[in-house]
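Structure data (PDB, C-alpha atoms and all ligand atoms) from final39.pdb:
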```pdb
ATOM      1  CA  MET A   1      -8.604  10.977   1.868  1.00  0.00           C
ATOM      2  CA  PRO A   2      -8.346   9.361   5.344  1.00  0.00           C
ATOM      3  CA  LYS A   3      -7.073   5.791   5.367  1.00  0.00           C
ATOM      4  CA  LEU A   4      -9.216   3.129   7.009  1.00  0.00           C
ATOM      5  CA  LEU A   5      -7.484  -0.193   7.528  1.00  0.00           C
ATOM      6  CA  ILE A   6      -9.587  -3.330   8.067  1.00  0.00           C
ATOM      7  CA  ILE A   7      -7.556  -6.036   9.770  1.00  0.00           C
ATOM      8  CA  SER A   8      -8.866  -9.592   9.652  1.00  0.00           C
ATOM      9  CA  SER A   9      -7.122 -12.143  11.841  1.00  0.00           C
ATOM     10  CA  THR A  10      -7.987 -15.002   9.530  1.00  0.00           C
ATOM     11  CA  LYS A  11      -8.848 -15.739   5.916  1.00  0.00           C
ATOM     12  CA  ASN A  12     -12.185 -17.330   6.842  1.00  0.00           C
ATOM     13  CA  SER A  13     -15.440 -15.888   8.205  1.00  0.00           C
ATOM     14  CA  ASN A  14     -13.697 -12.843   9.708  1.00  0.00           C
ATOM     15  CA  PHE A  15     -12.261 -12.081   6.289  1.00  0.00           C
ATOM     16  CA  ASP A  16     -15.754 -12.394   4.773  1.00  0.00           C
ATOM     17  CA  LEU A  17     -17.044  -9.969   7.402  1.00  0.00           C
ATOM     18  CA  SER A  18     -14.154  -7.615   6.533  1.00  0.00           C
ATOM     19  CA  LYS A  19     -15.105  -7.778   2.849  1.00  0.00           C
ATOM     20  CA  SER A  20     -18.757  -6.919   3.608  1.00  0.00           C
ATOM     21  CA  ILE A  21     -17.602  -3.964   5.713  1.00  0.00           C
ATOM     22  CA  LYS A  22     -15.253  -2.754   2.970  1.00  0.00           C
ATOM     23  CA  SER A  23     -17.913  -3.006   0.315  1.00  0.00           C
ATOM     24  CA  TYR A  24     -20.399  -0.973   2.415  1.00  0.00           C
ATOM     25  CA  ILE A  25     -17.769   1.662   3.180  1.00  0.00           C
ATOM     26  CA  LYS A  26     -16.734   1.917  -0.472  1.00  0.00           C
ATOM     27  CA  GLU A  27     -20.350   2.507  -1.470  1.00  0.00           C
ATOM     28  CA  THR A  28     -21.199   5.056   1.195  1.00  0.00           C
ATOM     29  CA  LYS A  29     -18.064   6.859   2.482  1.00  0.00           C
ATOM     30  CA  ASP A  30     -15.197   8.974   1.176  1.00  0.00           C
ATOM     31  CA  LEU A  31     -12.510   6.843   2.756  1.00  0.00           C
ATOM     32  CA  ASN A  32      -9.535   5.031   1.357  1.00  0.00           C
ATOM     33  CA  CYS A  33     -10.284   1.534   2.632  1.00  0.00           C
ATOM     34  CA  GLU A  34      -7.949  -1.478   2.566  1.00  0.00           C
ATOM     35  CA  ILE A  35      -8.277  -5.000   4.015  1.00  0.00           C
ATOM     36  CA  VAL A  36      -5.423  -7.176   5.165  1.00  0.00           C
ATOM     37  CA  SER A  37      -5.420 -10.627   6.696  1.00  0.00           C
ATOM     38  CA  LEU A  38      -2.817 -11.096   9.411  1.00  0.00           C
ATOM     39  CA  GLU A  39      -2.394 -14.659   8.142  1.00  0.00           C
ATOM     40  CA  ASP A  40      -0.752 -13.288   4.988  1.00  0.00           C
ATOM     41  CA  PHE A  41       2.065 -11.640   6.962  1.00  0.00           C
ATOM     42  CA  ASP A  42       3.106 -14.964   8.439  1.00  0.00           C
ATOM     43  CA  LEU A  43       4.818 -13.182  11.329  1.00  0.00           C
ATOM     44  CA  PRO A  44       7.177 -15.219  13.523  1.00  0.00           C
ATOM     45  CA  LEU A  45       6.162 -15.837  17.113  1.00  0.00           C
ATOM     46  CA  TYR A  46       7.359 -12.913  19.243  1.00  0.00           C
ATOM     47  CA  THR A  47      10.087 -13.844  21.703  1.00  0.00           C
ATOM     48  CA  PRO A  48      12.573 -11.453  23.346  1.00  0.00           C
ATOM     49  CA  THR A  49      15.401 -13.660  22.022  1.00  0.00           C
ATOM     50  CA  LEU A  50      14.215 -13.304  18.418  1.00  0.00           C
ATOM     51  CA  GLU A  51      13.785  -9.554  18.853  1.00  0.00           C
ATOM     52  CA  GLU A  52      17.350  -9.330  20.188  1.00  0.00           C
ATOM     53  CA  LYS A  53      18.569 -11.204  17.107  1.00  0.00           C
ATOM     54  CA  PHE A  54      16.755  -8.827  14.735  1.00  0.00           C
ATOM     55  CA  LYS A  55      18.090  -5.803  16.626  1.00  0.00           C
ATOM     56  CA  LYS A  56      21.660  -7.154  16.427  1.00  0.00           C
ATOM     57  CA  ASN A  57      21.224  -7.321  12.635  1.00  0.00           C
ATOM     58  CA  GLN A  58      19.808  -3.782  12.849  1.00  0.00           C
ATOM     59  CA  SER A  59      16.643  -4.708  10.949  1.00  0.00           C
ATOM     60  CA  PHE A  60      13.320  -6.381  11.462  1.00  0.00           C
ATOM     61  CA  PRO A  61      12.144  -8.772   8.720  1.00  0.00           C
ATOM     62  CA  GLN A  62      10.227  -7.214   5.839  1.00  0.00           C
ATOM     63  CA  ASN A  63       6.836  -8.625   6.889  1.00  0.00           C
ATOM     64  CA  ILE A  64       7.125  -7.019  10.342  1.00  0.00           C
ATOM     65  CA  GLU A  65       8.102  -3.681   8.765  1.00  0.00           C
ATOM     66  CA  LYS A  66       5.241  -3.979   6.260  1.00  0.00           C
ATOM     67  CA  SER A  67       2.590  -4.656   8.906  1.00  0.00           C
ATOM     68  CA  LYS A  68       3.992  -1.847  11.072  1.00  0.00           C
ATOM     69  CA  ASN A  69       3.918   0.643   8.189  1.00  0.00           C
ATOM     70  CA  LEU A  70       0.357  -0.296   7.244  1.00  0.00           C
ATOM     71  CA  ILE A  71      -0.885   0.216  10.785  1.00  0.00           C
ATOM     72  CA  CYS A  72       1.114   3.386  11.413  1.00  0.00           C
ATOM     73  CA  SER A  73      -0.043   5.008   8.173  1.00  0.00           C
ATOM     74  CA  SER A  74      -3.733   4.315   8.824  1.00  0.00           C
ATOM     75  CA  ASN A  75      -6.069   6.938  10.299  1.00  0.00           C
ATOM     76  CA  ALA A  76      -8.521   4.387  11.709  1.00  0.00           C
ATOM     77  CA  ILE A  77      -8.699   0.633  12.149  1.00  0.00           C
ATOM     78  CA  ILE A  78     -11.510  -1.919  12.049  1.00  0.00           C
ATOM     79  CA  TRP A  79     -10.454  -5.207  13.660  1.00  0.00           C
ATOM     80  CA  CYS A  80     -12.296  -8.416  12.670  1.00  0.00           C
ATOM     81  CA  SER A  81     -11.180 -11.322  14.776  1.00  0.00           C
ATOM     82  CA  PRO A  82     -12.583 -14.510  16.324  1.00  0.00           C
ATOM     83  CA  GLU A  83     -12.751 -15.225  20.031  1.00  0.00           C
ATOM     84  CA  TYR A  84     -10.353 -18.032  20.969  1.00  0.00           C
ATOM     85  CA  ASN A  85     -10.586 -19.718  24.359  1.00  0.00           C
ATOM     86  CA  GLY A  86     -12.501 -16.840  25.873  1.00  0.00           C
ATOM     87  CA  GLY A  87     -10.022 -14.222  24.707  1.00  0.00           C
ATOM     88  CA  ILE A  88      -7.966 -12.605  21.960  1.00  0.00           C
ATOM     89  CA  SER A  89      -6.591 -14.871  19.231  1.00  0.00           C
ATOM     90  CA  PRO A  90      -2.782 -15.260  19.348  1.00  0.00           C
ATOM     91  CA  ILE A  91      -2.309 -13.951  15.802  1.00  0.00           C
ATOM     92  CA  VAL A  92      -3.581 -10.515  16.913  1.00  0.00           C
ATOM     93  CA  THR A  93      -1.594 -10.386  20.155  1.00  0.00           C
ATOM     94  CA  ASN A  94       1.508 -11.512  18.291  1.00  0.00           C
ATOM     95  CA  ALA A  95       1.144  -8.837  15.585  1.00  0.00           C
ATOM     96  CA  ILE A  96       0.619  -6.134  18.232  1.00  0.00           C
ATOM     97  CA  ALA A  97       3.675  -7.331  20.162  1.00  0.00           C
ATOM     98  CA  TRP A  98       5.916  -6.985  17.072  1.00  0.00           C
ATOM     99  CA  ILE A  99       4.482  -3.609  16.061  1.00  0.00           C
ATOM    100  CA  SER A 100       4.942  -2.237  19.580  1.00  0.00           C
ATOM    101  CA  ARG A 101       8.616  -3.302  19.468  1.00  0.00           C
ATOM    102  CA  ALA A 102       9.330  -2.186  15.894  1.00  0.00           C
ATOM    103  CA  THR A 103       8.187   1.416  16.491  1.00  0.00           C
ATOM    104  CA  GLU A 104      10.053   4.192  18.338  1.00  0.00           C
ATOM    105  CA  ASP A 105       7.106   4.747  20.665  1.00  0.00           C
ATOM    106  CA  TRP A 106       5.341   1.448  21.436  1.00  0.00           C
ATOM    107  CA  LYS A 107       1.920   3.117  21.173  1.00  0.00           C
ATOM    108  CA  GLU A 108       2.679   4.728  17.810  1.00  0.00           C
ATOM    109  CA  GLY A 109       0.493   2.464  15.654  1.00  0.00           C
ATOM    110  CA  PHE A 110      -2.536   2.716  17.926  1.00  0.00           C
ATOM    111  CA  LYS A 111      -2.518   5.990  19.850  1.00  0.00           C
ATOM    112  CA  ASP A 112      -5.553   8.280  19.342  1.00  0.00           C
ATOM    113  CA  LYS A 113      -6.747   6.044  16.493  1.00  0.00           C
ATOM    114  CA  PRO A 114     -10.501   5.504  16.103  1.00  0.00           C
ATOM    115  CA  SER A 115     -10.894   1.712  16.331  1.00  0.00           C
ATOM    116  CA  LEU A 116     -13.874  -0.570  15.903  1.00  0.00           C
ATOM    117  CA  ILE A 117     -13.871  -4.142  17.199  1.00  0.00           C
ATOM    118  CA  CYS A 118     -15.833  -6.704  15.166  1.00  0.00           C
ATOM    119  CA  THR A 119     -16.004 -10.441  15.468  1.00  0.00           C
ATOM    120  CA  SER A 120     -17.245 -13.547  13.761  1.00  0.00           C
ATOM    121  CA  SER A 121     -17.018 -16.158  16.506  1.00  0.00           C
ATOM    122  CA  GLY A 122     -18.552 -19.492  17.461  1.00  0.00           C
ATOM    123  CA  GLY A 123     -20.443 -17.875  20.369  1.00  0.00           C
ATOM    124  CA  ASN A 124     -21.143 -14.240  21.172  1.00  0.00           C
ATOM    125  CA  GLY A 125     -17.473 -13.209  21.234  1.00  0.00           C
ATOM    126  CA  LYS A 126     -18.085 -11.012  24.315  1.00  0.00           C
ATOM    127  CA  ASN A 127     -14.914 -12.090  26.132  1.00  0.00           C
ATOM    128  CA  PHE A 128     -12.832 -11.202  23.094  1.00  0.00           C
ATOM    129  CA  ILE A 129     -14.583  -7.859  22.656  1.00  0.00           C
ATOM    130  CA  GLU A 130     -14.135  -6.906  26.316  1.00  0.00           C
ATOM    131  CA  GLY A 131     -10.539  -8.152  26.540  1.00  0.00           C
ATOM    132  CA  PHE A 132      -9.494  -6.507  23.292  1.00  0.00           C
ATOM    133  CA  ARG A 133     -11.164  -3.238  24.274  1.00  0.00           C
ATOM    134  CA  ILE A 134      -8.985  -3.167  27.415  1.00  0.00           C
ATOM    135  CA  GLN A 135      -5.857  -3.848  25.341  1.00  0.00           C
ATOM    136  CA  LEU A 136      -6.621  -1.221  22.685  1.00  0.00           C
ATOM    137  CA  ASN A 137      -7.489   1.359  25.348  1.00  0.00           C
ATOM    138  CA  TYR A 138      -4.151   0.622  27.018  1.00  0.00           C
ATOM    139  CA  LEU A 139      -2.446   1.286  23.680  1.00  0.00           C
ATOM    140  CA  GLY A 140      -4.214   4.662  23.507  1.00  0.00           C
ATOM    141  CA  SER A 141      -6.753   3.819  20.785  1.00  0.00           C
ATOM    142  CA  ARG A 142     -10.158   5.489  20.767  1.00  0.00           C
ATOM    143  CA  VAL A 143     -12.273   2.352  20.844  1.00  0.00           C
ATOM    144  CA  PHE A 144     -15.804   2.770  19.531  1.00  0.00           C
ATOM    145  CA  GLY A 145     -18.495   1.893  22.110  1.00  0.00           C
ATOM    146  CA  GLU A 146     -20.402  -0.530  19.902  1.00  0.00           C
ATOM    147  CA  SER A 147     -19.187  -3.627  18.087  1.00  0.00           C
ATOM    148  CA  LEU A 148     -20.388  -5.824  15.245  1.00  0.00           C
ATOM    149  CA  ILE A 149     -20.892  -9.399  16.421  1.00  0.00           C
ATOM    150  CA  GLN A 150     -21.650 -12.316  14.149  1.00  0.00           C
ATOM    151  CA  THR A 151     -22.007 -15.820  15.561  1.00  0.00           C
ATOM    152  CA  LYS A 152     -22.400 -19.256  14.001  1.00  0.00           C
ATOM    153  CA  SER A 153     -26.151 -19.030  14.674  1.00  0.00           C
ATOM    154  CA  LYS A 154     -26.798 -15.293  14.280  1.00  0.00           C
ATOM    155  CA  GLU A 155     -26.040 -12.992  11.363  1.00  0.00           C
ATOM    156  CA  ILE A 156     -25.632  -9.253  11.910  1.00  0.00           C
ATOM    157  CA  GLN A 157     -28.850  -7.416  11.036  1.00  0.00           C
ATOM    158  CA  LYS A 158     -28.438  -5.033   8.092  1.00  0.00           C
ATOM    159  CA  GLU A 159     -29.822  -2.071  10.065  1.00  0.00           C
ATOM    160  CA  GLU A 160     -27.334  -2.572  12.921  1.00  0.00           C
ATOM    161  CA  PHE A 161     -24.471  -3.161  10.462  1.00  0.00           C
ATOM    162  CA  CYS A 162     -25.120   0.147   8.682  1.00  0.00           C
ATOM    163  CA  SER A 163     -25.833   2.128  11.830  1.00  0.00           C
ATOM    164  CA  VAL A 164     -22.613   1.019  13.640  1.00  0.00           C
ATOM    165  CA  LEU A 165     -20.453   1.680  10.565  1.00  0.00           C
ATOM    166  CA  ASP A 166     -22.105   5.042   9.847  1.00  0.00           C
ATOM    167  CA  SER A 167     -21.553   6.221  13.432  1.00  0.00           C
ATOM    168  CA  PHE A 168     -17.989   4.883  13.597  1.00  0.00           C
ATOM    169  CA  CYS A 169     -16.995   6.506  10.295  1.00  0.00           C
ATOM    170  CA  LYS A 170     -18.167   9.927  11.531  1.00  0.00           C
ATOM    171  CA  ASN A 171     -15.178   9.864  13.956  1.00  0.00           C
ATOM    172  CA  ILE A 172     -12.549   9.383  11.248  1.00  0.00           C
TER     173      ILE A 172
HETATM  174  C1  LIG B   1      -8.443 -22.454  19.247  1.00  0.00           C
HETATM  175  C2  LIG B   1      -9.882 -22.029  19.127  1.00  0.00           C
HETATM  176  C3  LIG B   1     -10.552 -21.563  20.232  1.00  0.00           C
HETATM  177  C4  LIG B   1     -11.870 -21.101  20.133  1.00  0.00           C
HETATM  178  N1  LIG B   1     -12.485 -20.582  21.232  1.00  0.00           N
HETATM  179  C5  LIG B   1     -13.691 -19.984  21.097  1.00  0.00           C
HETATM  180  C6  LIG B   1     -14.275 -19.276  22.188  1.00  0.00           C
HETATM  181  O1  LIG B   1     -13.735 -19.187  23.270  1.00  0.00           O
HETATM  182  N2  LIG B   1     -15.471 -18.672  21.998  1.00  0.00           N
HETATM  183  C7  LIG B   1     -16.125 -18.734  20.792  1.00  0.00           C
HETATM  184  O2  LIG B   1     -17.197 -18.131  20.665  1.00  0.00           O
HETATM  185  N3  LIG B   1     -15.608 -19.406  19.743  1.00  0.00           N
HETATM  186  C8  LIG B   1     -14.401 -20.015  19.861  1.00  0.00           C
HETATM  187  N4  LIG B   1     -13.828 -20.646  18.783  1.00  0.00           N
HETATM  188  C9  LIG B   1     -14.550 -20.672  17.505  1.00  0.00           C
HETATM  189  C10 LIG B   1     -14.150 -19.510  16.606  1.00  0.00           C
HETATM  190  O3  LIG B   1     -14.385 -18.270  17.223  1.00  0.00           O
HETATM  191  C11 LIG B   1     -14.979 -19.577  15.318  1.00  0.00           C
HETATM  192  O4  LIG B   1     -14.756 -20.818  14.669  1.00  0.00           O
HETATM  193  C12 LIG B   1     -14.661 -18.444  14.364  1.00  0.00           C
HETATM  194  O5  LIG B   1     -15.648 -18.385  13.373  1.00  0.00           O
HETATM  195  C13 LIG B   1     -13.322 -18.607  13.669  1.00  0.00           C
HETATM  196  O6  LIG B   1     -13.075 -17.486  12.879  1.00  0.00           O
HETATM  197  P1  LIG B   1     -12.755 -17.615  11.316  1.00  0.00           P
HETATM  198  O7  LIG B   1     -13.998 -18.213  10.671  1.00  0.00           O
HETATM  199  O8  LIG B   1     -12.475 -16.229  10.847  1.00  0.00           O
HETATM  200  O9  LIG B   1     -11.565 -18.536  11.213  1.00  0.00           O
HETATM  201  C14 LIG B   1     -12.532 -21.155  18.889  1.00  0.00           C
HETATM  202  C15 LIG B   1     -11.845 -21.657  17.754  1.00  0.00           C
HETATM  203  C16 LIG B   1     -10.537 -22.073  17.874  1.00  0.00           C
HETATM  204  C17 LIG B   1      -9.819 -22.578  16.636  1.00  0.00           C
END
```
How does this structure look as structure tokens?
Ligand SMILES: Cc1cc2nc3c(=O)[nH]c(=O)nc-3n(C[C@H](O)[C@H](O)[C@H](O)COP(=O)(O)O)c2cc1C
Amino acid sequence: MPKLLIISSTKNSNFDLSKSIKSYIKETKDLNCEIVSLEDFDLPLYTPTLEEKFKKNQSFPQNIEKSKNLICSSNAIIWCSPEYNGGISPIVTNAIAWISRATEDWKEGFKDKPSLICTSSGGNGKNFIEGFRIQLNYLGSRVFGESLIQTKSKEIQKEEFCSVLDSFCKNI
């Protein structure tokens, strides 16, 4: 069964959104679906100096290896992340930086992978969605054209929620 990984940046409203997505997918699709919160990996801040240190010891820490293996072994990814300061939250950029350095080919975790961008943000999250789309496209992901956007004042309508997930899952 194809593996769908749902990655939440936080353990708050984006994690709740991830749980709703997982529960819908479990009910309606034949996919092996898992959620992780990037907060649980507690990855160090990427710096070239720290990478050099890990490479001298000939191993990356376990949590970097674990996040890399999860992403690399998935067939598709749903990202749920808030907009921060008109852009991508640092926890996501940081995780991607480590994964791109811990793999043989820096695109390995992302290339050709169907990917859906979702957000629960204070406002409409558009800057995050657009910025992250550019980043994922650069990494070779096949980014789905639509997104699920929840704001502090607007819930996602059930019809839209189901229709976006149904269409996205057809590509996996
Ligand atoms: C550092 C920081 C910057 C933020 N910048 C934005 C922003 O630019 N646009 C926006 O819509 N919300 C912004 N927010 C609000 C978050 O997107 C919002 O609180 C979101 O629900 C947090 O996600 P979570 O509930 O999963 O933690 C910001 C929050 C923080 C902590």
Checklist entry - Which neighbours of A:Trp79 fall inside 8 Å, counting all atoms listed in the file, when residues of the same chain fewer than 5 positions from it are skipped, and could you give them as number ranges by chain? => result A: 6-9, 115-119
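Point (-10.4, 8.7, 18.1) has the following residues at most 8 Å away: Ala76, Asp112, Lys113, Pro114, Ser115, Ser141, Arg142, Val143, Asn171 and Ile172 of chain A (atoms considered: only C-alpha atoms).
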Contact check, chain A to ligand LIG 1 (chain B), at most 12 Å, counting only C-alpha atoms and all ligand atoms, closest pairs as JSON lines:
```
{"residue": "A:Ile7", "atom": "CA", "partner": "B:LIG1", "partner_atom": "O8", "distance": 11.4}
{"residue": "A:Ser8", "atom": "CA", "partner": "B:LIG1", "partner_atom": "O8", "distance": 7.6}
{"residue": "A:Ser9", "atom": "CA", "partner": "B:LIG1", "partner_atom": "O8", "distance": 6.8}
{"residue": "A:Thr10", "atom": "CA", "partner": "B:LIG1", "partner_atom": "O8", "distance": 4.8}
{"residue": "A:Lys11", "atom": "CA", "partner": "B:LIG1", "partner_atom": "O8", "distance": 6.1}
{"residue": "A:Asn12", "atom": "CA", "partner": "B:LIG1", "partner_atom": "O8", "distance": 4.2}
{"residue": "A:Ser13", "atom": "CA", "partner": "B:LIG1", "partner_atom": "O7", "distance": 3.7}
{"residue": "A:Asn14", "atom": "CA", "partner": "B:LIG1", "partner_atom": "O8", "distance": 3.8}
{"residue": "A:Phe15", "atom": "CA", "partner": "B:LIG1", "partner_atom": "O8", "distance": 6.2}
{"residue": "A:Asp16", "atom": "CA", "partner": "B:LIG1", "partner_atom": "O8", "distance": 7.9}
{"residue": "A:Leu17", "atom": "CA", "partner": "B:LIG1", "partner_atom": "O8", "distance": 8.5}
{"residue": "A:Ser18", "atom": "CA", "partner": "B:LIG1", "partner_atom": "O8", "distance": 9.8}
{"residue": "A:Lys19", "atom": "CA", "partner": "B:LIG1", "partner_atom": "O8", "distance": 11.9}
{"residue": "A:Ser37", "atom": "CA", "partner": "B:LIG1", "partner_atom": "O8", "distance": 9.9}
{"residue": "A:Leu38", "atom": "CA", "partner": "B:LIG1", "partner_atom": "O8", "distance": 11.0}
{"residue": "A:Glu39", "atom": "CA", "partner": "B:LIG1", "partner_atom": "O9", "distance": 10.4}
{"residue": "A:Trp79", "atom": "CA", "partner": "B:LIG1", "partner_atom": "O8", "distance": 11.6}
{"residue": "A:Cys80", "atom": "CA", "partner": "B:LIG1", "partner_atom": "O8", "distance": 8.0}
{"residue": "A:Ser81", "atom": "CA", "partner": "B:LIG1", "partner_atom": "O8", "distance": 6.4}
{"residue": "A:Pro82", "atom": "CA", "partner": "B:LIG1", "partner_atom": "O3", "distance": 4.3}
{"residue": "A:Glu83", "atom": "CA", "partner": "B:LIG1", "partner_atom": "O3", "distance": 4.5}
{"residue": "A:Tyr84", "atom": "CA", "partner": "B:LIG1", "partner_atom": "N1", "distance": 3.3}
{"residue": "A:Asn85", "atom": "CA", "partner": "B:LIG1", "partner_atom": "O1", "distance": 3.4}
{"residue": "A:Gly86", "atom": "CA", "partner": "B:LIG1", "partner_atom": "O1", "distance": 3.7}
{"residue": "A:Gly87", "atom": "CA", "partner": "B:LIG1", "partner_atom": "O1", "distance": 6.4}
{"residue": "A:Ile88", "atom": "CA", "partner": "B:LIG1", "partner_atom": "O1", "distance": 8.8}
{"residue": "A:Ser89", "atom": "CA", "partner": "B:LIG1", "partner_atom": "C1", "distance": 7.8}
{"residue": "A:Pro90", "atom": "CA", "partner": "B:LIG1", "partner_atom": "C1", "distance": 9.2}
{"residue": "A:Ile91", "atom": "CA", "partner": "B:LIG1", "partner_atom": "C1", "distance": 11.0}
{"residue": "A:Cys118", "atom": "CA", "partner": "B:LIG1", "partner_atom": "O8", "distance": 11.0}
{"residue": "A:Thr119", "atom": "CA", "partner": "B:LIG1", "partner_atom": "O6", "distance": 8.1}
{"residue": "A:Ser120", "atom": "CA", "partner": "B:LIG1", "partner_atom": "O5", "distance": 5.1}
{"residue": "A:Ser121", "atom": "CA", "partner": "B:LIG1", "partner_atom": "O3", "distance": 3.5}
{"residue": "A:Gly122", "atom": "CA", "partner": "B:LIG1", "partner_atom": "N3", "distance": 3.7}
{"residue": "A:Gly123", "atom": "CA", "partner": "B:LIG1", "partner_atom": "O2", "distance": 3.3}
{"residue": "A:Asn124", "atom": "CA", "partner": "B:LIG1", "partner_atom": "O2", "distance": 5.6}
{"residue": "A:Gly125", "atom": "CA", "partner": "B:LIG1", "partner_atom": "O2", "distance": 5.0}
{"residue": "A:Lys126", "atom": "CA", "partner": "B:LIG1", "partner_atom": "O2", "distance": 8.0}
{"residue": "A:Asn127", "atom": "CA", "partner": "B:LIG1", "partner_atom": "O1", "distance": 7.7}
{"residue": "A:Phe128", "atom": "CA", "partner": "B:LIG1", "partner_atom": "N2", "distance": 8.0}
{"residue": "A:Ile129", "atom": "CA", "partner": "B:LIG1", "partner_atom": "O2", "distance": 10.8}
{"residue": "A:Gly131", "atom": "CA", "partner": "B:LIG1", "partner_atom": "O1", "distance": 11.9}
{"residue": "A:Ile149", "atom": "CA", "partner": "B:LIG1", "partner_atom": "O2", "distance": 10.4}
{"residue": "A:Gln150", "atom": "CA", "partner": "B:LIG1", "partner_atom": "O5", "distance": 8.6}
{"residue": "A:Thr151", "atom": "CA", "partner": "B:LIG1", "partner_atom": "O5", "distance": 7.2}
{"residue": "A:Lys152", "atom": "CA", "partner": "B:LIG1", "partner_atom": "O5", "distance": 6.8}
{"residue": "A:Ser153", "atom": "CA", "partner": "B:LIG1", "partner_atom": "O5", "distance": 10.6}
{"residue": "A:Lys154", "atom": "CA", "partner": "B:LIG1", "partner_atom": "O5", "distance": 11.6}
{"residue": "A:Glu155", "atom": "CA", "partner": "B:LIG1", "partner_atom": "O5", "distance": 11.9}
```
Item to check | Selection dump of the PyMOL selection byres (((chain A and resi 5) around 7) and not hetatm), as a PyMOL selection string | outcome: chain A and resi 3-4+6-7+33-35+74+76-78
Item to check | Selected residue of minimal separation from A:Asn63 among A:Ile99, A:Cys162, A:Val92, A:Ile21, counting only C-alpha atoms | outcome: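 Using only C-alpha atoms, A:Asn63 sits closest to A:Ile99.
Interatomic distance, atom CA of A:Cys72 against atom CA of A:Phe110: 7.5 Å.
Comparing A:Thr28, A:Thr93, A:Thr103, A:Ser67 by their smallest distance to A:Asp166, the closest is A:Thr28 (using only C-alpha atoms).
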Write out as lines of an AutoDock Vina configuration file an axis-aligned box for stretch 1-19 of chain A: all of its atoms listed in the file, 5 Å added on each side, centre and edge lengths in Å with one decimal.
```
center_x = -12.1
center_y = -3.2
center_z = 6.9
size_x = 20.0
size_y = 38.3
size_z = 20.0
```
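Distances from A:Asn57, A:Asn75, A:Ser147, A:Gln62 to A:Asn32 were compared using all atoms listed in the file, and the smallest one belongs to A:Asn75.
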Next on the checklist: Residues proximal to (8.5, -5.1, 19.2) were defined as those with any atom within 10 Å of that point in the file's coordinates, counting all atoms listed in the file. Which are they, as a count of residues only?
Outcome noted: 21
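The space separating atom CA of A:Leu136 from atom CA of A:Lys170 comes to 19.5 Å.
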Checklist entry - Quick one: distance from atom CA of A:Pro2 to atom CA of A:Leu31 in Å, one decimal? => result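 About the pair atom CA of A:Pro2 and atom CA of A:Leu31: they are 5.5 Å apart.
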